[in-house]
Amino acid sequence: MKAYKKIISFILTLVMMLSLSVNVFAAEPLTDDPNMIEWKYTVFADESLQKVVEEGVIPNAYARYTWRGITLKNGEVAILTPSNNSMGLYCNSGRYITINYTLSRSAFHRSRVRAYVAGPSSEFVREITASGLRSGFTTQATDYYYGMVTNLFSDAFTIKSFSITF
């Protein structure tokens, strides 16, 4: 009877210890989820990209705080890259990339998704008057891709959300 109680006690202790360690693995984030990406942004005074006006991070969709956005005045340019890779998102040639963002108001602006190495020869460009954009293109080169938004409007506007997915 004593041996029986020791065995039951040992099995129950073992089950409790294993059940505690399972919870740790369940809390790991999903890295394939595009909502998990935090974007680093740099605002420049103009398209020469010489004078930095502001830098910051756009929190991911699961952040527990509010974000005020990126305000761009006339002529200012925001360059957006993943916070963990300043070159951009790595993508193979022939993949479809989607850029998606919202603005605080309808405004005339230029939107770009540019290849880090290939540069302007492999980029998606749109000049539109709208309160955001959801569009895409098929990549021409295997490269790192990042986003750019330029204010071509006379008044300031704020980028409220931003993502690039493929």
# chains A, B, ... in the order shown; residues from 1 in each chain; ligands from 1

call {"tool": "residues_around", "arguments": {"residues": "A:Ala130", "least_positions_apart": "5", "cutoff": "9 Å", "atoms": "only C-alpha atoms", "output": "count of residues only"}}
result
6

call {"tool": "residues_around", "arguments": {"residues": "A:Leu49", "least_positions_apart": "2", "cutoff": "12 Å", "atoms": "only C-alpha atoms", "output": "PyMOL selection string"}}
result
chain A and resi 42-47+51-53+75-79+148+150

call {"tool": "write_last_selection", "arguments": {"atoms": "all heavy atoms", "output": "compact mmCIF listing (two decimals), in the first residue's frame"}}
result
# COMPACT_ATOMS: atom_id res chain seq x y z
N THR A 42 11.31 56.92 -40.66
CA THR A 42 12.18 58.10 -40.64
C THR A 42 11.54 59.12 -41.55
O THR A 42 11.26 58.82 -42.72
CB THR A 42 13.60 57.76 -41.13
OG1 THR A 42 14.12 56.68 -40.35
CG2 THR A 42 14.52 58.96 -40.99
N VAL A 43 11.29 60.31 -41.03
CA VAL A 43 10.71 61.40 -41.83
C VAL A 43 11.84 62.35 -42.22
O VAL A 43 12.62 62.79 -41.37
CB VAL A 43 9.62 62.16 -41.04
CG1 VAL A 43 9.09 63.34 -41.85
CG2 VAL A 43 8.49 61.22 -40.65
N PHE A 44 11.91 62.63 -43.52
CA PHE A 44 12.91 63.54 -44.05
C PHE A 44 12.22 64.83 -44.52
O PHE A 44 11.06 64.81 -44.92
CB PHE A 44 13.65 62.91 -45.24
CG PHE A 44 14.50 61.73 -44.85
CD1 PHE A 44 13.98 60.45 -44.89
CD2 PHE A 44 15.80 61.90 -44.44
CE1 PHE A 44 14.74 59.35 -44.54
CE2 PHE A 44 16.58 60.82 -44.09
CZ PHE A 44 16.05 59.54 -44.13
N ALA A 45 12.97 65.94 -44.53
CA ALA A 45 12.42 67.25 -44.90
C ALA A 45 12.01 67.30 -46.36
O ALA A 45 11.07 68.01 -46.71
CB ALA A 45 13.43 68.35 -44.59
N ASP A 46 12.71 66.56 -47.24
CA ASP A 46 12.37 66.53 -48.67
C ASP A 46 12.93 65.25 -49.29
O ASP A 46 13.52 64.43 -48.61
CB ASP A 46 12.88 67.79 -49.39
CG ASP A 46 14.38 67.99 -49.21
OD1 ASP A 46 15.13 67.00 -49.16
OD2 ASP A 46 14.80 69.15 -49.11
N GLU A 47 12.77 65.13 -50.61
CA GLU A 47 13.18 63.90 -51.30
C GLU A 47 14.68 63.75 -51.45
O GLU A 47 15.15 62.72 -51.93
CB GLU A 47 12.46 63.78 -52.64
CG GLU A 47 10.98 63.51 -52.45
CD GLU A 47 10.29 63.09 -53.73
OE1 GLU A 47 10.80 63.36 -54.83
OE2 GLU A 47 9.22 62.46 -53.60
N LYS A 51 17.99 65.68 -44.54
CA LYS A 51 17.69 66.20 -43.21
C LYS A 51 16.58 65.38 -42.56
O LYS A 51 15.44 65.36 -43.02
CB LYS A 51 17.25 67.67 -43.31
CG LYS A 51 16.97 68.29 -41.97
CD LYS A 51 16.51 69.73 -42.09
CE LYS A 51 16.14 70.27 -40.73
NZ LYS A 51 15.42 71.52 -40.83
N VAL A 52 16.92 64.70 -41.45
CA VAL A 52 15.95 63.91 -40.71
C VAL A 52 15.13 64.83 -39.81
O VAL A 52 15.67 65.63 -39.06
CB VAL A 52 16.65 62.82 -39.85
CG1 VAL A 52 15.64 62.09 -38.98
CG2 VAL A 52 17.41 61.85 -40.74
N VAL A 53 13.80 64.71 -39.92
CA VAL A 53 12.88 65.52 -39.13
C VAL A 53 12.40 64.76 -37.90
O VAL A 53 12.28 65.32 -36.81
CB VAL A 53 11.66 65.96 -39.99
CG1 VAL A 53 10.64 66.71 -39.17
CG2 VAL A 53 12.12 66.79 -41.17
N GLY A 75 5.90 68.27 -48.81
CA GLY A 75 7.23 67.92 -49.29
C GLY A 75 7.97 66.89 -48.44
O GLY A 75 8.99 66.36 -48.88
N GLU A 76 7.50 66.62 -47.23
CA GLU A 76 8.20 65.66 -46.37
C GLU A 76 7.98 64.23 -46.86
O GLU A 76 6.95 63.90 -47.45
CB GLU A 76 7.76 65.80 -44.92
CG GLU A 76 8.23 67.08 -44.28
CD GLU A 76 7.88 67.19 -42.80
OE1 GLU A 76 6.93 66.53 -42.35
OE2 GLU A 76 8.58 67.95 -42.10
N VAL A 77 8.98 63.39 -46.58
CA VAL A 77 8.98 62.00 -47.02
C VAL A 77 9.16 61.09 -45.81
O VAL A 77 10.05 61.32 -44.99
CB VAL A 77 10.14 61.73 -48.00
CG1 VAL A 77 10.14 60.28 -48.48
CG2 VAL A 77 10.11 62.69 -49.17
N ALA A 78 8.34 60.05 -45.71
CA ALA A 78 8.50 59.03 -44.68
C ALA A 78 9.00 57.76 -45.33
O ALA A 78 8.43 57.30 -46.32
CB ALA A 78 7.18 58.77 -43.96
N ILE A 79 10.09 57.21 -44.80
CA ILE A 79 10.59 55.91 -45.24
C ILE A 79 10.27 54.92 -44.14
O ILE A 79 10.57 55.16 -42.97
CB ILE A 79 12.11 55.95 -45.53
CG1 ILE A 79 12.36 56.86 -46.73
CG2 ILE A 79 12.65 54.54 -45.76
CD1 ILE A 79 13.80 56.92 -47.19
N MET A 148 7.66 54.06 -48.93
CA MET A 148 7.88 55.51 -48.87
C MET A 148 6.55 56.21 -49.13
O MET A 148 5.79 55.81 -50.01
CB MET A 148 8.89 55.96 -49.93
CG MET A 148 10.27 55.41 -49.78
SD MET A 148 11.36 55.88 -51.16
CE MET A 148 11.61 57.62 -50.84
N THR A 150 5.25 60.29 -49.66
CA THR A 150 5.64 61.70 -49.80
C THR A 150 4.40 62.57 -49.84
O THR A 150 3.47 62.30 -50.60
CB THR A 150 6.45 61.92 -51.10
OG1 THR A 150 7.56 61.03 -51.13
CG2 THR A 150 6.93 63.36 -51.22

call {"tool": "residues_around", "arguments": {"residues": "stretch 80-86 of chain A", "least_positions_apart": "6", "cutoff": "12 Å", "atoms": "only C-alpha atoms", "output": "JSON, numbers by chain"}}
result
{"A": [34, 35, 36, 37, 38, 39, 40, 41, 42, 43, 44, 55, 56, 57, 58, 59, 60, 70, 99, 101, 111, 112, 113, 114, 115, 116, 144, 145, 146, 147, 148, 149, 150, 159, 161, 162, 163, 164, 165]}

call {"tool": "select_by_dssp", "arguments": {"residues": "chain A", "states": "alpha helix (DSSP H)", "output": "list in words"}}
result
Lys2, Ala3, Tyr4, Lys5, Lys6, Ile7, Ile8, Ser9, Phe10, Ile11, Leu12, Thr13, Leu14, Val15, Met16, Met17, Leu18, Ser19, Leu20, Ser21, Val22, Asn23, Val24, Phe25 and Ala26 of chain A

call {"tool": "write_last_selection", "arguments": {"atoms": "N, CA, C and O atoms", "output": "mmCIF file, in the first residue's frame"}}
result
data_model
loop_
_atom_site.group_PDB
_atom_site.id
_atom_site.type_symbol
_atom_site.label_atom_id
_atom_site.label_comp_id
_atom_site.auth_asym_id
_atom_site.auth_seq_id
_atom_site.Cartn_x
_atom_site.Cartn_y
_atom_site.Cartn_z
ATOM 1 N N LYS A 2 1.983 1.246 0.781
ATOM 2 C CA LYS A 2 2.888 2.393 0.807
ATOM 3 C C LYS A 2 3.517 2.624 -0.562
ATOM 4 O O LYS A 2 3.650 3.754 -0.998
ATOM 5 N N ALA A 3 3.919 1.575 -1.227
ATOM 6 C CA ALA A 3 4.530 1.684 -2.547
ATOM 7 C C ALA A 3 3.529 2.251 -3.551
ATOM 8 O O ALA A 3 3.884 3.051 -4.423
ATOM 9 N N TYR A 4 2.282 1.835 -3.429
ATOM 10 C CA TYR A 4 1.222 2.308 -4.301
ATOM 11 C C TYR A 4 1.036 3.819 -4.142
ATOM 12 O O TYR A 4 0.926 4.557 -5.125
ATOM 13 N N LYS A 5 1.032 4.325 -2.904
ATOM 14 C CA LYS A 5 0.877 5.759 -2.639
ATOM 15 C C LYS A 5 2.071 6.541 -3.175
ATOM 16 O O LYS A 5 1.923 7.645 -3.711
ATOM 17 N N LYS A 6 3.269 5.986 -3.065
ATOM 18 C CA LYS A 6 4.467 6.662 -3.573
ATOM 19 C C LYS A 6 4.413 6.771 -5.100
ATOM 20 O O LYS A 6 4.771 7.798 -5.664
ATOM 21 N N ILE A 7 3.972 5.730 -5.755
ATOM 22 C CA ILE A 7 3.886 5.747 -7.214
ATOM 23 C C ILE A 7 2.842 6.766 -7.669
ATOM 24 O O ILE A 7 3.085 7.566 -8.583
ATOM 25 N N ILE A 8 1.670 6.772 -7.051
ATOM 26 C CA ILE A 8 0.623 7.737 -7.384
ATOM 27 C C ILE A 8 1.119 9.153 -7.124
ATOM 28 O O ILE A 8 0.925 10.065 -7.940
ATOM 29 N N SER A 9 1.777 9.370 -6.025
ATOM 30 C CA SER A 9 2.320 10.684 -5.677
ATOM 31 C C SER A 9 3.350 11.129 -6.706
ATOM 32 O O SER A 9 3.362 12.280 -7.144
ATOM 33 N N PHE A 10 4.226 10.232 -7.124
ATOM 34 C CA PHE A 10 5.247 10.546 -8.117
ATOM 35 C C PHE A 10 4.599 10.907 -9.454
ATOM 36 O O PHE A 10 4.982 11.885 -10.107
ATOM 37 N N ILE A 11 3.598 10.153 -9.902
ATOM 38 C CA ILE A 11 2.921 10.403 -11.171
ATOM 39 C C ILE A 11 2.195 11.750 -11.139
ATOM 40 O O ILE A 11 2.277 12.538 -12.087
ATOM 41 N N LEU A 12 1.500 12.060 -10.052
ATOM 42 C CA LEU A 12 0.804 13.338 -9.939
ATOM 43 C C LEU A 12 1.789 14.510 -9.956
ATOM 44 O O LEU A 12 1.539 15.546 -10.583
ATOM 45 N N THR A 13 2.904 14.379 -9.278
ATOM 46 C CA THR A 13 3.932 15.424 -9.265
ATOM 47 C C THR A 13 4.492 15.633 -10.668
ATOM 48 O O THR A 13 4.671 16.767 -11.117
ATOM 49 N N LEU A 14 4.760 14.542 -11.369
ATOM 50 C CA LEU A 14 5.280 14.616 -12.725
ATOM 51 C C LEU A 14 4.275 15.302 -13.660
ATOM 52 O O LEU A 14 4.646 16.172 -14.456
ATOM 53 N N VAL A 15 2.999 14.962 -13.574
ATOM 54 C CA VAL A 15 1.955 15.585 -14.396
ATOM 55 C C VAL A 15 1.867 17.077 -14.112
ATOM 56 O O VAL A 15 1.748 17.902 -15.030
ATOM 57 N N MET A 16 1.938 17.475 -12.856
ATOM 58 C CA MET A 16 1.865 18.905 -12.507
ATOM 59 C C MET A 16 3.057 19.661 -13.076
ATOM 60 O O MET A 16 2.912 20.765 -13.598
ATOM 61 N N MET A 17 4.241 19.097 -12.995
ATOM 62 C CA MET A 17 5.430 19.780 -13.506
ATOM 63 C C MET A 17 5.363 19.926 -15.032
ATOM 64 O O MET A 17 5.712 20.971 -15.580
ATOM 65 N N LEU A 18 4.912 18.890 -15.718
ATOM 66 C CA LEU A 18 4.808 18.967 -17.175
ATOM 67 C C LEU A 18 3.729 19.946 -17.624
ATOM 68 O O LEU A 18 3.884 20.637 -18.624
ATOM 69 N N SER A 19 2.642 20.021 -16.911
ATOM 70 C CA SER A 19 1.577 20.946 -17.300
ATOM 71 C C SER A 19 1.985 22.394 -17.121
ATOM 72 O O SER A 19 1.548 23.270 -17.842
ATOM 73 N N LEU A 20 2.853 22.689 -16.176
ATOM 74 C CA LEU A 20 3.338 24.059 -15.985
ATOM 75 C C LEU A 20 4.243 24.484 -17.129
ATOM 76 O O LEU A 20 4.200 25.613 -17.574
ATOM 77 N N SER A 21 5.064 23.611 -17.650
ATOM 78 C CA SER A 21 5.988 23.979 -18.720
ATOM 79 C C SER A 21 5.273 24.155 -20.055
ATOM 80 O O SER A 21 5.745 24.882 -20.902
ATOM 81 N N VAL A 22 4.144 23.537 -20.286
ATOM 82 C CA VAL A 22 3.404 23.674 -21.536
ATOM 83 C C VAL A 22 2.899 25.098 -21.710
ATOM 84 O O VAL A 22 2.936 25.641 -22.797
ATOM 85 N N ASN A 23 2.492 25.756 -20.654
ATOM 86 C CA ASN A 23 1.983 27.122 -20.740
ATOM 87 C C ASN A 23 3.036 28.092 -21.261
ATOM 88 O O ASN A 23 2.714 29.039 -21.937
ATOM 89 N N VAL A 24 4.285 27.887 -20.960
ATOM 90 C CA VAL A 24 5.347 28.772 -21.422
ATOM 91 C C VAL A 24 5.431 28.743 -22.938
ATOM 92 O O VAL A 24 5.548 29.759 -23.585
ATOM 93 N N PHE A 25 5.347 27.575 -23.544
ATOM 94 C CA PHE A 25 5.428 27.473 -24.991
ATOM 95 C C PHE A 25 4.204 28.075 -25.668
ATOM 96 O O PHE A 25 4.300 28.612 -26.750
ATOM 97 N N ALA A 26 3.068 28.033 -25.053
ATOM 98 C CA ALA A 26 1.841 28.556 -25.648
ATOM 99 C C ALA A 26 1.851 30.077 -25.733
ATOM 100 O O ALA A 26 1.102 30.649 -26.497
#

call {"tool": "closest_residue", "arguments": {"among": "A:Gln50, A:Gly136, A:Asp143, A:Asp155", "to": "A:Asn100", "atoms": "only C-alpha atoms"}}
result
A:Gly136

call {"tool": "residues_around", "arguments": {"residues": "stretch 93-95 of chain A", "least_positions_apart": "4", "cutoff": "8 Å", "atoms": "only C-alpha atoms", "output": "number ranges by chain"}}
result
A: 138-143, 166

call {"tool": "write_last_selection", "arguments": {"atoms": "all heavy atoms", "output": "PDB file, in the first residue's frame"}}
result
ATOM      1  N   THR A 138       3.820  43.034 -58.688  1.00  0.00           N
ATOM      2  CA  THR A 138       4.658  41.841 -58.709  1.00  0.00           C
ATOM      3  C   THR A 138       6.110  42.275 -58.785  1.00  0.00           C
ATOM      4  O   THR A 138       6.478  43.089 -59.641  1.00  0.00           O
ATOM      5  CB  THR A 138       4.301  40.953 -59.917  1.00  0.00           C
ATOM      6  OG1 THR A 138       2.914  40.621 -59.835  1.00  0.00           O
ATOM      7  CG2 THR A 138       5.121  39.687 -59.926  1.00  0.00           C
ATOM      8  N   THR A 139       6.931  41.749 -57.889  1.00  0.00           N
ATOM      9  CA  THR A 139       8.336  42.158 -57.816  1.00  0.00           C
ATOM     10  C   THR A 139       9.102  41.724 -59.062  1.00  0.00           C
ATOM     11  O   THR A 139       8.834  40.672 -59.627  1.00  0.00           O
ATOM     12  CB  THR A 139       9.020  41.573 -56.567  1.00  0.00           C
ATOM     13  OG1 THR A 139       8.933  40.149 -56.628  1.00  0.00           O
ATOM     14  CG2 THR A 139       8.372  42.074 -55.297  1.00  0.00           C
ATOM     15  N   GLN A 140      10.051  42.555 -59.465  1.00  0.00           N
ATOM     16  CA  GLN A 140      10.891  42.269 -60.631  1.00  0.00           C
ATOM     17  C   GLN A 140      12.248  41.702 -60.232  1.00  0.00           C
ATOM     18  O   GLN A 140      12.965  41.181 -61.081  1.00  0.00           O
ATOM     19  CB  GLN A 140      11.098  43.556 -61.440  1.00  0.00           C
ATOM     20  CG  GLN A 140       9.816  44.189 -61.920  1.00  0.00           C
ATOM     21  CD  GLN A 140       9.030  43.275 -62.834  1.00  0.00           C
ATOM     22  OE1 GLN A 140       9.573  42.686 -63.756  1.00  0.00           O
ATOM     23  NE2 GLN A 140       7.744  43.119 -62.564  1.00  0.00           N
ATOM     24  N   ALA A 141      12.606  41.846 -58.961  1.00  0.00           N
ATOM     25  CA  ALA A 141      13.923  41.397 -58.504  1.00  0.00           C
ATOM     26  C   ALA A 141      13.822  40.791 -57.111  1.00  0.00           C
ATOM     27  O   ALA A 141      12.961  41.180 -56.327  1.00  0.00           O
ATOM     28  CB  ALA A 141      14.888  42.582 -58.472  1.00  0.00           C
ATOM     29  N   THR A 142      14.707  39.846 -56.805  1.00  0.00           N
ATOM     30  CA  THR A 142      14.825  39.333 -55.442  1.00  0.00           C
ATOM     31  C   THR A 142      15.611  40.381 -54.663  1.00  0.00           C
ATOM     32  O   THR A 142      16.753  40.685 -55.016  1.00  0.00           O
ATOM     33  CB  THR A 142      15.553  37.975 -55.434  1.00  0.00           C
ATOM     34  OG1 THR A 142      14.762  37.050 -56.176  1.00  0.00           O
ATOM     35  CG2 THR A 142      15.752  37.471 -54.022  1.00  0.00           C
ATOM     36  N   ASP A 143      14.977  40.955 -53.641  1.00  0.00           N
ATOM     37  CA  ASP A 143      15.576  42.106 -52.970  1.00  0.00           C
ATOM     38  C   ASP A 143      14.863  42.345 -51.639  1.00  0.00           C
ATOM     39  O   ASP A 143      13.924  41.638 -51.291  1.00  0.00           O
ATOM     40  CB  ASP A 143      15.411  43.348 -53.865  1.00  0.00           C
ATOM     41  CG  ASP A 143      16.498  44.388 -53.662  1.00  0.00           C
ATOM     42  OD1 ASP A 143      17.038  44.486 -52.533  1.00  0.00           O
ATOM     43  OD2 ASP A 143      16.798  45.115 -54.624  1.00  0.00           O
ATOM     44  N   PHE A 166       3.165  40.215 -48.355  1.00  0.00           N
ATOM     45  CA  PHE A 166       3.320  39.445 -49.603  1.00  0.00           C
ATOM     46  C   PHE A 166       3.103  37.982 -49.322  1.00  0.00           C
ATOM     47  O   PHE A 166       2.994  37.563 -48.200  1.00  0.00           O
ATOM     48  CB  PHE A 166       4.679  39.672 -50.258  1.00  0.00           C
ATOM     49  CG  PHE A 166       5.861  39.402 -49.395  1.00  0.00           C
ATOM     50  CD1 PHE A 166       6.418  38.135 -49.352  1.00  0.00           C
ATOM     51  CD2 PHE A 166       6.427  40.411 -48.631  1.00  0.00           C
ATOM     52  CE1 PHE A 166       7.523  37.886 -48.553  1.00  0.00           C
ATOM     53  CE2 PHE A 166       7.535  40.167 -47.848  1.00  0.00           C
ATOM     54  CZ  PHE A 166       8.080  38.907 -47.792  1.00  0.00           C
TER      55      PHE A 166
END

call {"tool": "atom_distance", "arguments": {"atom1": "atom CA of A:Leu152", "atom2": "atom CA of A:Tyr90"}}
result
28.6 Å

call {"tool": "atom_distance", "arguments": {"atom1": "atom CA of A:Asn74", "atom2": "atom CA of A:Ser154"}}
result
5.3 Å

call {"tool": "atom_distance", "arguments": {"atom1": "atom CA of A:Phe124", "atom2": "atom CA of A:Phe137"}}
result
6.6 Å

call {"tool": "select_by_dssp", "arguments": {"residues": "chain A", "states": "strand (DSSP E or B)", "output": "ChimeraX atom specification"}}
result
/A:39-44,52-58,70-72,77-82,89-91,96-115,119-138,143-151,157-165

call {"tool": "residues_around", "arguments": {"residues": "stretch 71-73 of chain A", "least_positions_apart": "2", "cutoff": "6 Å", "atoms": "only C-alpha atoms", "output": "list in words"}}
result
Glu76, Ala156, Phe157 and Thr158 of chain A
